[in-house]
Amino acid sequence: MDDFYKGYILEHYREPHNFGQLEDATATFEDLNPLCGDKIRFDLKVNPEGIVEDVRFSGRGCAISQASASMLTDTIKGMHVEDVAKLGTQVVLDNVGIGISPARMKCATLGLKVARSAALGEIAGWPDEDAS
Amino acid sequence: MTTTVRPDTVQERILRDFPILHKPTSRGKRLVYLDSAATSQKPQAVIDALVKYYSEYNANIHRGVYEIAERATAAFEEARTKVARFINAAEDAEVIWTRNSTESINLVAYTWGLQNLHAGDAILTTQVEHHSNLVPWQLLADRTGAELRFIPVDANGVHVLDDLDRLLEGVKLLALSHISNTLGTIAPLEMLTQRAHAAGARVLVDAAQSVPHMRVDVRKLDVDFLAASGHKMLGPTGIGFLYGKRELLEAMPPFLTGGDMIKRVEYRHTEYNEIPWKFEAGTSNVADAIGLGAAVDYLSEIGMDWVREHEISLTAYALERLQELTRRGLVVYGPLPANNRAGVISFNLGDVHAHDVASILDTDGVCVRAGHHCTMPLMDKMGWPATARASFYVYNTEADVDALVTALQKASDIFKLPS
């Protein structure tokens with residue numbers, strides 16, 4: 001068997017970290033993977049300094065999409081939201097630590113896409129610096 | 001002393017005819033192809049027909065007066081005849097080449113539909129439709145003001161017809177799939193067509209999943225339009241057809257326009273060609289039409305009754321063997337028993353997502369589809385985020401089902417499902 005489903009991926013799938021929603025979220029985004037219908041939502045709570053104080057994800061999907069989203073919540077907690085918006089797919093590959101076939105890349109990166117969109121939404125809501 | 005050699009069975013001969021089944025996967029596994037509802041594999045005879053056309057008589061049709069052009073035209077039109085006979089159309093002219101079922105359905109929506117549907121009319125379809133037989137009608141309803149209605153299905157995906165009379169009131173078109181690509185449900189087509197005709201409606205059948213797998217007789221069914229795809233019936237991709245009754249096709253405006261679909265063109269006026277060419281603008285997909293003709297020959301030689309019986313028995317065997325996985329959380333969807341459905345089995349394995357099931361099966365060379373199968377509304381209605389789907393065709397055997405079951409056991413082990 002390939003190392004496709006390492007133990008820790010299944011652990012994240014069965015017991016995802018930071019699963020749920022935030023009532024006091026400052027930014028929320030949801031998207032779905034039209035290929036498989038998988039859906040993921042990210043709630044971010046960003047403090048005035050721009051730091052992601054808390055994060056939750058919710059939705060449904062395969063082990064790869066759920067585990068990578070779960071791992072990503074650990075990654076972005078404590079990060080500056082502008083850095084979250086700039087994250088590349090490498091962070092996902094580093095997190096899951098297994099080879100992802102082209103067909104499954106959309107699953108692996110769905111959470112990342114949603115987290116980045118939530119971060120961009122947060123930044124877009126900030127007052128214009130020139131105006132202030 | 002004489003030795004008797006057992007003659008090859010039909011199944012053995014078929015297996016030899018599909019070169020792809022003899023190529024091991026990159027992991028060195030035997031290819032166990034269980035995704036024929038998505039697309040079928042191709043026998044050598046179809047591959048040869050394509051190679052022969054391109055290497056011996058490639059030429060444009062309906063134009064050239066030289067030998068290979070005449071040969072190409074003859075082969076192209078002969079393929080149409082083969083398809084017409086295969087579905088028992090009254091005449092060849094009732095078979096129009098398209099790219100696939102989707103294009104066939106769109107052709108009807110944009111020509112017959114825009115001409116005949118008006119505000120206050122209704123289009124009736126069902127809750128199991130593939131997006132290809134739903135989205136065109138949504139658009140047609142939006143453009144004409146017609147109402148879109150649905151024949152419901154129960155939890156097994158079987159049509160619920162209690163309310164049919166009311167549903168048929170004011171209906172101009174009943175558009176439904178003969179066989180559900182997701183659940184294998186077979187629609188009671190003859191009865192529904194009679195009821196729809198009695199209510200004054202025309203009937204369009206999405207036969208993408210039935211024409212490849214069972215005897216379909218358009219005159220016995222009395223349907224008005226029928227759409228099918230070549231690539232699901234052992235033929236090449238990029239070729240499909242629309243069957244339509246002559247009087248309807250003749251009254252319809254053209255769909256795509258340009259060369260070949262014309263009889264005479266003036267600067268400000270055009271006289272259209274006769275059917276079927278009225279609907280075949282531009283250079284046709286000559287090679288693939290000829291390839292589909294070869295596929296029809298191949299299926300006719302096996303016999304569609306053999307195909308259907310083979311798939312019923314394989315489906316019954318699969319449903320029985322899959323029960324071994326019930327204790328591991330495997331759930332099978334769709335109508336029972338096997339002779340009430342096509343060779344399509346949708347399932348889920350415990351809390352394992354269908355994509356994960358398909359990925360693990362793939363490592364053993366077992367190809368199944370995972371996802372919503374282009375039936376998102378049905379998946380939403382049933383409350384399934386996704387399902388895995390195994391589907392059978394002439395080249396599948398009980399050994400393929402055994403490989404599926406073994407791979408599913410392995411997936412259950414990896415995900416530590418109860419044993």
# chains A, B, ... in the order shown; residues from 1 in each chain; ligands from 1
call {"tool": "interface_residues", "arguments": {"of": "chain B", "to": "chain A", "cutoff": "10 Å", "atoms": "only C-alpha atoms", "output": "number ranges by chain"}}
result
B: 351-357, 359-360, 363-364, 370-374, 376, 379-380, 384-387, 410-411, 414-416
call {"tool": "write_last_selection", "arguments": {"atoms": "C-alpha atoms", "output": "PDB file, in the first residue's frame"}}
result
ATOM      1  CA  ASP B 351     -17.762   6.933   7.012  1.00  0.00           C
ATOM      2  CA  VAL B 352     -15.131   6.731   4.272  1.00  0.00           C
ATOM      3  CA  HIS B 353     -15.598   9.394   1.635  1.00  0.00           C
ATOM      4  CA  ALA B 354     -16.211   8.037  -1.869  1.00  0.00           C
ATOM      5  CA  HIS B 355     -13.086   9.780  -3.151  1.00  0.00           C
ATOM      6  CA  ASP B 356     -10.957   7.960  -0.617  1.00  0.00           C
ATOM      7  CA  VAL B 357     -12.597   4.665  -1.541  1.00  0.00           C
ATOM      8  CA  SER B 359      -8.243   6.287  -4.496  1.00  0.00           C
ATOM      9  CA  ILE B 360      -7.566   3.142  -2.481  1.00  0.00           C
ATOM     10  CA  THR B 363      -3.967   1.329  -6.083  1.00  0.00           C
ATOM     11  CA  ASP B 364      -5.258  -2.183  -6.884  1.00  0.00           C
ATOM     12  CA  ALA B 370     -16.591   8.786  -7.087  1.00  0.00           C
ATOM     13  CA  GLY B 371     -18.530  11.980  -6.613  1.00  0.00           C
ATOM     14  CA  HIS B 372     -21.958  13.279  -7.567  1.00  0.00           C
ATOM     15  CA  HIS B 373     -22.026  11.635 -11.039  1.00  0.00           C
ATOM     16  CA  CYS B 374     -23.354  14.860 -12.598  1.00  0.00           C
ATOM     17  CA  MET B 376     -26.099  17.069  -7.864  1.00  0.00           C
ATOM     18  CA  MET B 379     -27.427  13.743  -4.305  1.00  0.00           C
ATOM     19  CA  ASP B 380     -28.807  16.720  -2.351  1.00  0.00           C
ATOM     20  CA  TRP B 384     -25.394  11.914   0.079  1.00  0.00           C
ATOM     21  CA  PRO B 385     -22.349  14.186  -0.252  1.00  0.00           C
ATOM     22  CA  ALA B 386     -20.910  11.662  -2.722  1.00  0.00           C
ATOM     23  CA  THR B 387     -21.106   8.009  -3.673  1.00  0.00           C
ATOM     24  CA  LYS B 410      -8.507  -3.413   2.056  1.00  0.00           C
ATOM     25  CA  ALA B 411     -10.025   0.074   2.174  1.00  0.00           C
ATOM     26  CA  ILE B 414      -7.002   1.049   6.156  1.00  0.00           C
ATOM     27  CA  PHE B 415      -9.853   3.101   7.605  1.00  0.00           C
ATOM     28  CA  LYS B 416     -10.157   0.658  10.532  1.00  0.00           C
TER      29      LYS B 416
END
call {"tool": "select_by_dssp", "arguments": {"residues": "chain A", "states": "strand (DSSP E or B)", "output": "PDB file with C-alpha atoms, in the first residue's frame"}}
result
ATOM      1  CA  PHE A  19     -13.806  21.837  13.751  1.00  0.00           C
ATOM      2  CA  ALA A  27     -14.359  36.823   8.498  1.00  0.00           C
ATOM      3  CA  THR A  28     -16.118  33.795   7.043  1.00  0.00           C
ATOM      4  CA  PHE A  29     -15.855  32.117   3.672  1.00  0.00           C
ATOM      5  CA  GLU A  30     -17.328  28.966   2.184  1.00  0.00           C
ATOM      6  CA  ASP A  31     -16.653  27.251  -1.106  1.00  0.00           C
ATOM      7  CA  LEU A  32     -17.169  23.907  -2.725  1.00  0.00           C
ATOM      8  CA  ASN A  33     -15.232  21.659  -5.008  1.00  0.00           C
ATOM      9  CA  ASP A  38     -17.143  18.718  -1.122  1.00  0.00           C
ATOM     10  CA  LYS A  39     -17.819  21.840   0.909  1.00  0.00           C
ATOM     11  CA  ILE A  40     -15.589  23.678   3.391  1.00  0.00           C
ATOM     12  CA  ARG A  41     -16.147  26.812   5.463  1.00  0.00           C
ATOM     13  CA  PHE A  42     -13.527  28.746   7.389  1.00  0.00           C
ATOM     14  CA  ASP A  43     -14.305  31.192  10.220  1.00  0.00           C
ATOM     15  CA  LEU A  44     -11.497  33.521  11.274  1.00  0.00           C
ATOM     16  CA  LYS A  45     -11.325  35.740  14.326  1.00  0.00           C
ATOM     17  CA  VAL A  46      -8.720  38.393  13.634  1.00  0.00           C
ATOM     18  CA  ILE A  51      -3.347  38.299  14.052  1.00  0.00           C
ATOM     19  CA  VAL A  52      -5.593  35.239  13.590  1.00  0.00           C
ATOM     20  CA  GLU A  53      -6.624  34.681  17.195  1.00  0.00           C
ATOM     21  CA  ASP A  54      -8.966  31.831  16.533  1.00  0.00           C
ATOM     22  CA  VAL A  55     -10.087  29.710  13.598  1.00  0.00           C
ATOM     23  CA  ARG A  56     -12.653  27.007  12.875  1.00  0.00           C
ATOM     24  CA  PHE A  57     -13.447  25.001   9.791  1.00  0.00           C
ATOM     25  CA  SER A  58     -16.593  23.067   8.960  1.00  0.00           C
ATOM     26  CA  GLY A  59     -18.059  21.124   6.079  1.00  0.00           C
ATOM     27  CA  ARG A  60     -17.658  17.725   4.580  1.00  0.00           C
ATOM     28  CA  HIS A  80      -0.852  37.532  10.541  1.00  0.00           C
TER      29      HIS A  80
END
call {"tool": "residues_around", "arguments": {"residues": "stretch 29-43 of chain B", "least_positions_apart": "2", "cutoff": "8 Å", "atoms": "only C-alpha atoms", "output": "JSON, numbers by chain"}}
result
{"B": [17, 18, 19, 20, 21, 22, 23, 24, 25, 26, 27, 45, 46, 47, 181, 209, 231, 232, 233, 234, 235, 236, 295, 344, 364, 365, 366, 367, 368, 369, 389, 390, 391, 392, 393, 396, 400, 403]}
call {"tool": "select_by_dssp", "arguments": {"residues": "stretch 173-365 of chain B", "states": "helix (DSSP H, G or I)", "output": "PyMOL selection string"}}
result
chain B and resi 189-198+218-221+230-232+246-251+277-279+286-302+304-328+338-340+354-362
call {"tool": "residues_around", "arguments": {"residues": "B:Lys220", "least_positions_apart": "5", "cutoff": "12 Å", "atoms": "only C-alpha atoms", "output": "PDB file with N, CA and C atoms, in the first residue's frame"}}
result
ATOM      1  N   ILE B  87     -31.288   0.934 -33.497  1.00  0.00           N
ATOM      2  CA  ILE B  87     -32.387   1.429 -32.624  1.00  0.00           C
ATOM      3  C   ILE B  87     -33.743   1.247 -33.313  1.00  0.00           C
ATOM      4  N   ASN B  88     -33.740   0.590 -34.473  1.00  0.00           N
ATOM      5  CA  ASN B  88     -34.965   0.324 -35.235  1.00  0.00           C
ATOM      6  C   ASN B  88     -35.715   1.598 -35.647  1.00  0.00           C
ATOM      7  N   ALA B  89     -34.966   2.603 -36.070  1.00  0.00           N
ATOM      8  CA  ALA B  89     -35.600   3.806 -36.623  1.00  0.00           C
ATOM      9  C   ALA B  89     -36.253   3.439 -37.948  1.00  0.00           C
ATOM     10  N   ALA B  90     -37.314   4.177 -38.312  1.00  0.00           N
ATOM     11  CA  ALA B  90     -38.038   3.874 -39.545  1.00  0.00           C
ATOM     12  C   ALA B  90     -37.174   4.164 -40.767  1.00  0.00           C
ATOM     13  N   LEU B 189     -40.525   3.313 -19.455  1.00  0.00           N
ATOM     14  CA  LEU B 189     -40.553   4.254 -20.570  1.00  0.00           C
ATOM     15  C   LEU B 189     -41.773   4.112 -21.467  1.00  0.00           C
ATOM     16  N   GLU B 190     -42.138   2.855 -21.745  1.00  0.00           N
ATOM     17  CA  GLU B 190     -43.260   2.651 -22.671  1.00  0.00           C
ATOM     18  C   GLU B 190     -44.545   3.235 -22.088  1.00  0.00           C
ATOM     19  N   MET B 191     -44.763   2.936 -20.812  1.00  0.00           N
ATOM     20  CA  MET B 191     -45.975   3.418 -20.156  1.00  0.00           C
ATOM     21  C   MET B 191     -45.968   4.941 -20.046  1.00  0.00           C
ATOM     22  N   THR B 193     -44.403   7.062 -21.894  1.00  0.00           N
ATOM     23  CA  THR B 193     -44.554   7.666 -23.218  1.00  0.00           C
ATOM     24  C   THR B 193     -46.030   7.668 -23.631  1.00  0.00           C
ATOM     25  N   GLN B 194     -46.716   6.537 -23.366  1.00  0.00           N
ATOM     26  CA  GLN B 194     -48.146   6.481 -23.697  1.00  0.00           C
ATOM     27  C   GLN B 194     -48.937   7.539 -22.943  1.00  0.00           C
ATOM     28  N   ARG B 215     -31.550  -3.757 -25.566  1.00  0.00           N
ATOM     29  CA  ARG B 215     -32.237  -3.540 -26.839  1.00  0.00           C
ATOM     30  C   ARG B 215     -33.150  -2.319 -26.680  1.00  0.00           C
TER      31      ARG B 215
END
call {"tool": "atom_distance", "arguments": {"atom1": "atom CA of B:Leu242", "atom2": "atom CA of B:Gly230"}}
result
11.0 Å
call {"tool": "residues_around", "arguments": {"residues": "B:Leu204", "least_positions_apart": "3", "cutoff": "10 Å", "atoms": "only C-alpha atoms", "output": "tab-separated table (two decimals) with N, CA and C atoms, in the first residue's frame"}}
result
chain	number	residue	atom	x	y	z
B	105	ILE	N	-29.46	16.68	-26.87
B	105	ILE	CA	-30.52	17.27	-26.04
B	105	ILE	C	-30.58	18.78	-26.26
B	108	VAL	N	-32.38	19.74	-29.47
B	108	VAL	CA	-33.84	19.74	-29.35
B	108	VAL	C	-34.31	20.96	-28.56
B	125	THR	N	-39.76	16.57	-16.18
B	125	THR	CA	-38.59	15.70	-16.17
B	125	THR	C	-38.62	14.90	-14.86
B	133	ASN	N	-29.54	16.44	-18.94
B	133	ASN	CA	-30.97	16.42	-19.25
B	133	ASN	C	-31.75	17.25	-18.23
B	173	LEU	N	-43.60	18.77	-23.09
B	173	LEU	CA	-42.46	17.87	-23.29
B	173	LEU	C	-42.18	17.08	-22.01
B	174	LEU	N	-42.07	15.77	-22.17
B	174	LEU	CA	-41.55	14.92	-21.10
B	174	LEU	C	-40.13	14.55	-21.50
B	175	ALA	N	-39.15	14.96	-20.68
B	175	ALA	CA	-37.74	14.69	-20.98
B	175	ALA	C	-37.18	13.87	-19.83
B	176	LEU	N	-36.82	12.62	-20.12
B	176	LEU	CA	-36.35	11.78	-19.02
B	176	LEU	C	-35.28	10.80	-19.48
B	177	SER	N	-34.48	10.36	-18.52
B	177	SER	CA	-33.46	9.36	-18.85
B	177	SER	C	-34.09	7.97	-18.80
B	178	HIS	N	-33.68	7.13	-19.72
B	178	HIS	CA	-34.16	5.75	-19.74
B	178	HIS	C	-33.61	5.01	-18.53
B	193	THR	N	-44.40	7.06	-21.89
B	193	THR	CA	-44.55	7.67	-23.22
B	193	THR	C	-46.03	7.67	-23.63
B	201	ALA	N	-48.25	15.56	-24.91
B	201	ALA	CA	-46.85	15.96	-24.79
B	201	ALA	C	-45.97	15.14	-25.73
B	207	ALA	N	-30.95	8.46	-23.63
B	207	ALA	CA	-30.69	7.02	-23.65
B	207	ALA	C	-29.20	6.71	-23.56
B	223	VAL	N	-41.06	6.79	-28.77
B	223	VAL	CA	-40.57	8.09	-28.28
B	223	VAL	C	-40.37	9.03	-29.47
B	224	ASP	N	-40.40	10.33	-29.18
B	224	ASP	CA	-40.29	11.32	-30.26
B	224	ASP	C	-38.84	11.69	-30.54
B	225	PHE	N	-38.05	11.79	-29.48
B	225	PHE	CA	-36.62	12.07	-29.62
B	225	PHE	C	-35.85	11.12	-28.70
B	226	LEU	N	-34.65	10.75	-29.14
B	226	LEU	CA	-33.80	9.90	-28.30
B	226	LEU	C	-32.35	10.32	-28.52
B	227	ALA	N	-31.64	10.52	-27.39
B	227	ALA	CA	-30.25	10.99	-27.45
B	227	ALA	C	-29.32	9.92	-26.92
B	242	LEU	N	-28.75	11.92	-32.39
B	242	LEU	CA	-30.11	12.24	-31.98
B	242	LEU	C	-31.04	11.51	-32.93
B	243	TYR	N	-31.97	10.74	-32.38
B	243	TYR	CA	-33.06	10.19	-33.18
B	243	TYR	C	-34.25	11.13	-33.02
B	244	GLY	N	-34.94	11.39	-34.12
B	244	GLY	CA	-36.18	12.16	-34.04
B	244	GLY	C	-37.14	11.67	-35.11
